[in-house]
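Asker: Next comes model-v4.pdb, PDB, C-alpha atoms, pLDDT in the B column:
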```
MODEL        1
ATOM      1  CA  MET A   1     -19.891  38.012  23.810  1.00 53.00           C
ATOM      2  CA  LYS A   2     -22.433  36.950  21.136  1.00 58.00           C
ATOM      3  CA  VAL A   3     -21.189  35.068  18.087  1.00 64.00           C
ATOM      4  CA  SER A   4     -23.297  37.021  15.555  1.00 67.00           C
ATOM      5  CA  GLY A   5     -20.993  38.273  12.792  1.00 84.00           C
ATOM      6  CA  LEU A   6     -17.705  37.807  14.650  1.00 90.00           C
ATOM      7  CA  ILE A   7     -17.265  34.274  13.358  1.00 92.00           C
ATOM      8  CA  TYR A   8     -17.453  35.553   9.769  1.00 92.00           C
ATOM      9  CA  VAL A   9     -14.772  38.136  10.488  1.00 93.00           C
ATOM     10  CA  VAL A  10     -12.439  35.701  12.243  1.00 95.00           C
ATOM     11  CA  VAL A  11     -12.852  32.874   9.722  1.00 95.00           C
ATOM     12  CA  GLY A  12     -12.474  35.389   6.884  1.00 96.00           C
ATOM     13  CA  LEU A  13      -9.227  36.709   8.359  1.00 97.00           C
ATOM     14  CA  VAL A  14      -7.910  33.174   8.855  1.00 97.00           C
ATOM     15  CA  ALA A  15      -8.821  32.311   5.246  1.00 97.00           C
ATOM     16  CA  LEU A  16      -7.028  35.430   3.964  1.00 97.00           C
ATOM     17  CA  ALA A  17      -3.959  34.593   6.045  1.00 96.00           C
ATOM     18  CA  ARG A  18      -3.942  31.046   4.654  1.00 96.00           C
ATOM     19  CA  LEU A  19      -4.221  32.338   1.084  1.00 96.00           C
ATOM     20  CA  ALA A  20      -1.268  34.658   1.693  1.00 96.00           C
ATOM     21  CA  GLU A  21       0.682  31.714   3.111  1.00 95.00           C
ATOM     22  CA  LEU A  22      -0.161  29.624   0.048  1.00 95.00           C
ATOM     23  CA  LEU A  23       1.270  32.352  -2.198  1.00 96.00           C
ATOM     24  CA  TYR A  24       4.411  32.557  -0.051  1.00 96.00           C
ATOM     25  CA  ALA A  25       4.717  28.757  -0.056  1.00 95.00           C
ATOM     26  CA  ARG A  26       4.237  28.585  -3.819  1.00 96.00           C
ATOM     27  CA  ARG A  27       7.034  31.122  -4.343  1.00 97.00           C
ATOM     28  CA  ASN A  28       9.345  29.236  -1.962  1.00 95.00           C
ATOM     29  CA  THR A  29       8.465  25.900  -3.583  1.00 95.00           C
ATOM     30  CA  ARG A  30       9.211  27.243  -7.052  1.00 96.00           C
ATOM     31  CA  ARG A  31      12.569  28.637  -5.925  1.00 95.00           C
ATOM     32  CA  LEU A  32      13.550  25.440  -4.132  1.00 94.00           C
ATOM     33  CA  LEU A  33      12.641  23.280  -7.137  1.00 94.00           C
ATOM     34  CA  MET A  34      14.734  25.565  -9.348  1.00 94.00           C
ATOM     35  CA  ARG A  35      17.673  24.850  -6.998  1.00 93.00           C
ATOM     36  CA  GLY A  36      17.213  21.099  -7.466  1.00 93.00           C
ATOM     37  CA  ALA A  37      14.870  20.281  -4.594  1.00 91.00           C
ATOM     38  CA  ARG A  38      12.448  17.360  -4.833  1.00 92.00           C
ATOM     39  CA  GLU A  39       8.863  16.989  -3.708  1.00 91.00           C
ATOM     40  CA  ALA A  40       7.940  13.907  -1.701  1.00 89.00           C
ATOM     41  CA  ALA A  41       4.484  12.361  -1.269  1.00 88.00           C
ATOM     42  CA  ARG A  42       2.886  14.723  -3.751  1.00 86.00           C
ATOM     43  CA  GLY A  43      -0.444  12.880  -3.945  1.00 87.00           C
ATOM     44  CA  HIS A  44      -1.622  13.764  -0.437  1.00 87.00           C
ATOM     45  CA  TYR A  45      -1.465  17.525  -0.932  1.00 90.00           C
ATOM     46  CA  PRO A  46      -5.025  18.011  -2.276  1.00 92.00           C
ATOM     47  CA  LEU A  47      -6.317  16.172   0.792  1.00 93.00           C
ATOM     48  CA  ILE A  48      -4.448  18.542   3.108  1.00 93.00           C
ATOM     49  CA  VAL A  49      -5.894  21.554   1.269  1.00 93.00           C
ATOM     50  CA  ALA A  50      -9.392  20.036   1.399  1.00 96.00           C
ATOM     51  CA  LEU A  51      -9.033  19.335   5.119  1.00 97.00           C
ATOM     52  CA  HIS A  52      -8.137  22.936   5.901  1.00 96.00           C
ATOM     53  CA  ALA A  53     -10.759  24.428   3.584  1.00 97.00           C
ATOM     54  CA  GLY A  54     -13.361  22.059   5.016  1.00 98.00           C
ATOM     55  CA  TRP A  55     -12.421  23.081   8.562  1.00 98.00           C
ATOM     56  CA  LEU A  56     -13.001  26.760   7.786  1.00 97.00           C
ATOM     57  CA  ALA A  57     -16.218  26.040   5.889  1.00 97.00           C
ATOM     58  CA  ALA A  58     -17.551  23.787   8.664  1.00 97.00           C
ATOM     59  CA  MET A  59     -17.195  26.584  11.193  1.00 95.00           C
ATOM     60  CA  ILE A  60     -19.449  28.776   9.072  1.00 94.00           C
ATOM     61  CA  VAL A  61     -21.936  26.079   8.048  1.00 93.00           C
ATOM     62  CA  TRP A  62     -22.408  24.715  11.584  1.00 91.00           C
ATOM     63  CA  ARG A  63     -22.127  28.013  13.432  1.00 86.00           C
ATOM     64  CA  ARG A  64     -24.454  28.622  16.316  1.00 79.00           C
ATOM     65  CA  PRO A  65     -25.988  32.077  15.842  1.00 76.00           C
ATOM     66  CA  ASP A  66     -27.194  32.025  19.443  1.00 76.00           C
ATOM     67  CA  GLY A  67     -23.812  30.878  20.742  1.00 76.00           C
ATOM     68  CA  TYR A  68     -21.169  32.797  22.598  1.00 83.00           C
ATOM     69  CA  VAL A  69     -17.519  33.474  21.951  1.00 91.00           C
ATOM     70  CA  ASN A  70     -14.968  32.273  24.477  1.00 94.00           C
ATOM     71  CA  VAL A  71     -12.545  35.200  24.449  1.00 93.00           C
ATOM     72  CA  TYR A  72      -9.885  33.192  26.289  1.00 97.00           C
ATOM     73  CA  LEU A  73      -9.837  30.547  23.564  1.00 97.00           C
ATOM     74  CA  LEU A  74      -9.860  33.271  20.919  1.00 96.00           C
ATOM     75  CA  GLY A  75      -6.833  34.750  22.704  1.00 97.00           C
ATOM     76  CA  ALA A  76      -5.160  31.331  22.681  1.00 98.00           C
ATOM     77  CA  PHE A  77      -5.799  31.160  18.940  1.00 98.00           C
ATOM     78  CA  ALA A  78      -4.159  34.580  18.543  1.00 97.00           C
ATOM     79  CA  LEU A  79      -1.099  33.253  20.410  1.00 98.00           C
ATOM     80  CA  LEU A  80      -1.010  30.314  18.002  1.00 98.00           C
ATOM     81  CA  GLN A  81      -0.889  32.826  15.139  1.00 97.00           C
ATOM     82  CA  ALA A  82       2.207  34.358  16.711  1.00 97.00           C
ATOM     83  CA  ALA A  83       3.724  30.871  16.948  1.00 97.00           C
ATOM     84  CA  ARG A  84       2.806  30.286  13.277  1.00 96.00           C
ATOM     85  CA  LEU A  85       4.653  33.455  12.286  1.00 96.00           C
ATOM     86  CA  TRP A  86       7.648  32.325  14.349  1.00 97.00           C
ATOM     87  CA  VAL A  87       7.698  29.056  12.386  1.00 96.00           C
ATOM     88  CA  LEU A  88       7.448  30.871   9.046  1.00 95.00           C
ATOM     89  CA  ALA A  89      10.175  33.338   9.992  1.00 95.00           C
ATOM     90  CA  SER A  90      12.437  30.546  11.243  1.00 95.00           C
ATOM     91  CA  LEU A  91      12.157  28.526   8.036  1.00 93.00           C
ATOM     92  CA  GLY A  92      12.199  31.584   5.768  1.00 93.00           C
ATOM     93  CA  PRO A  93      12.774  30.477   2.161  1.00 92.00           C
ATOM     94  CA  TYR A  94      12.448  26.807   3.155  1.00 92.00           C
ATOM     95  CA  TRP A  95       8.830  27.132   4.396  1.00 93.00           C
ATOM     96  CA  THR A  96       6.347  25.450   2.075  1.00 93.00           C
ATOM     97  CA  THR A  97       3.006  23.720   2.394  1.00 93.00           C
ATOM     98  CA  ARG A  98       4.349  20.698   0.533  1.00 93.00           C
ATOM     99  CA  ILE A  99       7.074  18.238   1.482  1.00 91.00           C
ATOM    100  CA  ILE A 100      10.037  19.729  -0.374  1.00 91.00           C
ATOM    101  CA  THR A 101      13.612  18.795   0.396  1.00 88.00           C
ATOM    102  CA  LEU A 102      16.826  20.196  -1.001  1.00 88.00           C
ATOM    103  CA  LYS A 103      19.631  17.645  -0.838  1.00 84.00           C
ATOM    104  CA  ASN A 104      22.542  18.674   1.372  1.00 79.00           C
ATOM    105  CA  ALA A 105      20.755  21.813   2.594  1.00 79.00           C
ATOM    106  CA  PRO A 106      21.233  22.208   6.326  1.00 80.00           C
ATOM    107  CA  LEU A 107      18.265  21.534   8.575  1.00 83.00           C
ATOM    108  CA  VAL A 108      16.895  24.595  10.305  1.00 86.00           C
ATOM    109  CA  ALA A 109      17.603  24.478  14.031  1.00 86.00           C
ATOM    110  CA  ARG A 110      16.585  27.967  15.120  1.00 90.00           C
ATOM    111  CA  GLY A 111      13.368  29.376  16.473  1.00 93.00           C
ATOM    112  CA  PRO A 112      10.892  26.710  17.563  1.00 95.00           C
ATOM    113  CA  TYR A 113      12.959  24.079  15.719  1.00 92.00           C
ATOM    114  CA  ARG A 114      15.402  24.231  18.641  1.00 93.00           C
ATOM    115  CA  PHE A 115      12.709  22.595  20.762  1.00 93.00           C
ATOM    116  CA  MET A 116      10.853  20.226  18.439  1.00 91.00           C
ATOM    117  CA  ARG A 117      11.027  18.759  14.951  1.00 87.00           C
ATOM    118  CA  HIS A 118       7.593  19.729  13.645  1.00 92.00           C
ATOM    119  CA  PRO A 119       6.407  22.876  15.434  1.00 95.00           C
ATOM    120  CA  ASN A 120       4.167  23.922  12.547  1.00 94.00           C
ATOM    121  CA  TYR A 121       2.136  20.730  12.924  1.00 95.00           C
ATOM    122  CA  ALA A 122       1.744  21.370  16.652  1.00 96.00           C
ATOM    123  CA  VAL A 123       0.458  24.865  15.849  1.00 97.00           C
ATOM    124  CA  VAL A 124      -1.964  23.518  13.239  1.00 97.00           C
ATOM    125  CA  ALA A 125      -3.283  20.869  15.630  1.00 98.00           C
ATOM    126  CA  GLY A 126      -3.923  23.571  18.210  1.00 98.00           C
ATOM    127  CA  GLU A 127      -5.616  25.851  15.697  1.00 98.00           C
ATOM    128  CA  ILE A 128      -7.924  23.155  14.387  1.00 98.00           C
ATOM    129  CA  ALA A 129      -9.112  22.358  17.912  1.00 98.00           C
ATOM    130  CA  ILE A 130      -9.158  25.806  19.519  1.00 98.00           C
ATOM    131  CA  LEU A 131     -10.821  28.036  16.921  1.00 97.00           C
ATOM    132  CA  PRO A 132     -14.051  26.022  16.651  1.00 97.00           C
ATOM    133  CA  LEU A 133     -14.118  25.639  20.434  1.00 96.00           C
ATOM    134  CA  ALA A 134     -13.853  29.430  20.781  1.00 95.00           C
ATOM    135  CA  PHE A 135     -17.208  29.596  18.991  1.00 94.00           C
ATOM    136  CA  GLY A 136     -18.765  26.659  20.834  1.00 92.00           C
ATOM    137  CA  GLU A 137     -18.445  24.268  17.889  1.00 94.00           C
ATOM    138  CA  ILE A 138     -17.371  21.152  19.742  1.00 95.00           C
ATOM    139  CA  ALA A 139     -18.263  18.722  16.944  1.00 96.00           C
ATOM    140  CA  VAL A 140     -16.198  20.667  14.385  1.00 97.00           C
ATOM    141  CA  ALA A 141     -13.233  20.680  16.776  1.00 97.00           C
ATOM    142  CA  ILE A 142     -13.490  16.933  17.383  1.00 98.00           C
ATOM    143  CA  VAL A 143     -14.110  15.810  13.792  1.00 98.00           C
ATOM    144  CA  PHE A 144     -11.404  17.969  12.231  1.00 98.00           C
ATOM    145  CA  SER A 145      -8.905  17.239  15.007  1.00 98.00           C
ATOM    146  CA  ILE A 146      -9.322  13.526  14.327  1.00 98.00           C
ATOM    147  CA  LEU A 147      -9.030  13.995  10.553  1.00 98.00           C
ATOM    148  CA  ASN A 148      -5.999  16.227  11.029  1.00 97.00           C
ATOM    149  CA  GLY A 149      -4.457  13.653  13.371  1.00 97.00           C
ATOM    150  CA  PHE A 150      -4.695  10.953  10.706  1.00 96.00           C
ATOM    151  CA  ALA A 151      -3.291  13.327   8.070  1.00 95.00           C
ATOM    152  CA  LEU A 152      -0.410  14.382  10.298  1.00 94.00           C
ATOM    153  CA  VAL A 153       0.599  10.851  11.261  1.00 94.00           C
ATOM    154  CA  TRP A 154       0.917  10.013   7.572  1.00 93.00           C
ATOM    155  CA  ARG A 155       2.517  13.323   6.621  1.00 93.00           C
ATOM    156  CA  VAL A 156       5.085  13.375   9.430  1.00 92.00           C
ATOM    157  CA  ARG A 157       6.140   9.862   8.456  1.00 92.00           C
ATOM    158  CA  ARG A 158       6.644  10.931   4.832  1.00 91.00           C
ATOM    159  CA  GLU A 159       8.420  14.125   5.845  1.00 90.00           C
ATOM    160  CA  ASN A 160      10.784  12.277   8.171  1.00 88.00           C
ATOM    161  CA  GLU A 161      11.589   9.853   5.342  1.00 87.00           C
ATOM    162  CA  ALA A 162      12.290  12.767   2.989  1.00 86.00           C
ATOM    163  CA  LEU A 163      14.529  14.460   5.562  1.00 82.00           C
ATOM    164  CA  ALA A 164      16.383  11.328   6.721  1.00 81.00           C
ATOM    165  CA  ASP A 165      19.504  11.940   4.620  1.00 73.00           C
ATOM    166  CA  ARG A 166      19.686  15.586   5.659  1.00 71.00           C
ATOM    167  CA  ARG A 167      19.215  14.617   9.310  1.00 69.00           C
ATOM    168  CA  ARG A 168      22.125  12.178   9.059  1.00 63.00           C
ATOM    169  CA  LEU A 169      24.190  14.963   7.504  1.00 58.00           C
ATOM    170  CA  ALA A 170      23.256  17.345  10.341  1.00 57.00           C
ATOM    171  CA  ASP A 171      24.122  14.672  12.907  1.00 57.00           C
ATOM    172  CA  GLY A 172      27.517  14.178  11.274  1.00 54.00           C
ATOM    173  CA  ASP A 173      26.870  10.594  10.255  1.00 46.00           C
ATOM    174  CA  VAL A 174      28.303  11.085   6.766  1.00 41.00           C
ATOM    175  CA  GLY A 175      31.453  12.927   7.705  1.00 37.00           C
ATOM    176  CA  ILE A 176      30.456  16.325   6.338  1.00 32.00           C
ATOM    177  CA  GLU A 177      29.918  19.196   8.745  1.00 31.00           C
ATOM    178  CA  ALA A 178      26.687  21.125   8.193  1.00 31.00           C
ATOM    179  CA  THR A 179      25.671  24.483   9.559  1.00 30.00           C
ATOM    180  CA  ASN A 180      22.226  25.968   9.769  1.00 31.00           C
ATOM    181  CA  GLY A 181      21.600  29.235   7.992  1.00 31.00           C
TER     182      GLY A 181
ENDMDL
END
```
Will you turn the file into structure tokens for me?

Answerer:
Amino acid sequence: MKVSGLIYVVVGLVALARLAELLYARRNTRRLLMRGAREAARGHYPLIVALHAGWLAAMIVWRRPDGYVNVYLLGAFALLQAARLWVLASLGPYWTTRIITLKNAPLVARGPYRFMRHPNYAVVAGEIAILPLAFGEIAVAIVFSILNGFALVWRVRRENEALADRRRLADGDVGIEATNG
């Protein structure tokens, strides 16, 4: 299938979905902060936003009008969107785009969190690689996967530090039993 205008439609839909997620995250962040939550590693957030905006923009700027769409990779991207929704639904009011932690709140251990600690980051890594590849944009996939890898190494470290006390609580190390909501 020819790339033509399809890339504009797909990237536009992804951008709209991300904007909706930002609104949802902002609402959740505001509510969590009102309950006494704290934000960790605040300074990196503009870089994360720039990385994701740059990824979407790069796909448009460096598109190959004569290229083809790999429908299998586009299908894989669609599956990643289902996984993204599973993550959002599992975290519910705790899902944010920032590192926000509410002291003594139980850690979520349902949905994909039963299988791994940071499923959202696995989804994002897949998205950043697969969507450009679906449109034949190998350089975009490589460059933004590397940038995202650096960002995630740093971010996961900061998030694990922010969650350390809650993890100890969930593991029973402080003598208080916690349940996941």

Asker: Taking the file above as input, evaluate the PyMOL selection byres ((chain A and resi 90) around 12) and report the hits as an MDAnalysis selection string.

Answerer: chainID A and resid 83:89 91:95 107:114 119:120 180:181

Asker: Can you work out the spacing between CA of Ala40 (chain A) and CA of Gly54 (chain A) in Å, to one decimal?

Answerer: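 Distance reported for this atom pair: 23.8 Å.
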
Asker: Could you work out how far CA of Tyr68 (chain A) lies from CA of Ala134 (chain A), giving the answer in Å with one decimal?

Answerer: 8.3 Å

Asker: What is the distance, in Å and to one decimal place, between CA of Arg31 (chain A) and CA of Pro106 (chain A)?

Answerer: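 Interatomic distance here is 16.3 Å.
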
Asker: Give me the residues within 12 Å of Leu51 (chain A) as a PyMOL selection string, counting only C-alpha atoms and dropping any in the same chain fewer than 4 places off.

Answerer: chain A and resi 44-47+55-58+124+128+140+143-152

Asker: Taking all atoms listed in the file into account, name the residue in A:Leu131, A:Ile100, A:Val156, A:Ala164 that is nearest to Val71 (chain A).

Answerer: A:Leu131

Asker: For Arg98 (chain A), list every protein, DNA or RNA residue within 12 Å, evaluated using only C-alpha atoms, and leave out those in the same chain fewer than 6 positions away; present the list as an NGL selection string.

Answerer: :A and (21-22 or 24-30 or 32-33 or 37-49 or 155-156 or 158-159 or 162)

Asker: Under the rule that all atoms listed in the file are counted, which of A:Ile130, A:Met116, A:Ile7, A:Leu16 is the nearest residue to Gly67 (chain A)?

Answerer: A:Ile7

Asker: Taking the file as shown, find all residues satisfying the PyMOL selection byres ((chain A and resi 62) around 10) and write them as number ranges by chain.

Answerer: A: 57-61, 63-65, 132, 137, 139-140

Asker: Can I get the selection written as a PDB file, in the frame of the given file, with C-alpha atoms?

Answerer:
```
ATOM      1  CA  ALA A  57     -16.218  26.040   5.889  1.00 97.00           C
ATOM      2  CA  ALA A  58     -17.551  23.787   8.664  1.00 97.00           C
ATOM      3  CA  MET A  59     -17.195  26.584  11.193  1.00 95.00           C
ATOM      4  CA  ILE A  60     -19.449  28.776   9.072  1.00 94.00           C
ATOM      5  CA  VAL A  61     -21.936  26.079   8.048  1.00 93.00           C
ATOM      6  CA  ARG A  63     -22.127  28.013  13.432  1.00 86.00           C
ATOM      7  CA  ARG A  64     -24.454  28.622  16.316  1.00 79.00           C
ATOM      8  CA  PRO A  65     -25.988  32.077  15.842  1.00 76.00           C
ATOM      9  CA  PRO A 132     -14.051  26.022  16.651  1.00 97.00           C
ATOM     10  CA  GLU A 137     -18.445  24.268  17.889  1.00 94.00           C
ATOM     11  CA  ALA A 139     -18.263  18.722  16.944  1.00 96.00           C
ATOM     12  CA  VAL A 140     -16.198  20.667  14.385  1.00 97.00           C
TER      13      VAL A 140
END
```

Asker: Would you please work out which residue, of A:Ala50, A:Asp165, A:Asp66, A:Phe77, is nearest to Gly5 (chain A) when using only C-alpha atoms?

Answerer: A:Asp66

Asker: Using the file's own x, y and z axes, so that the box edges lie along x, y and z, what centre and edge lengths in Å (one decimal) does a box around every listed atom of region 123-134 of chain A get when 8 Å is added on each side? Give it as JSON.

Answerer:
```
{"center_x": -6.8, "center_y": 25.1, "center_z": 17.0, "size_x": 30.6, "size_y": 24.6, "size_z": 23.5}
```

Asker: From the list A:Lys103, A:Arg157, A:Arg117, A:His52, which residue is nearest Arg35 (chain A) when using only C-alpha atoms?

Answerer: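 Checking each candidate against Arg35 (chain A), we get A:Lys103 as the closest.
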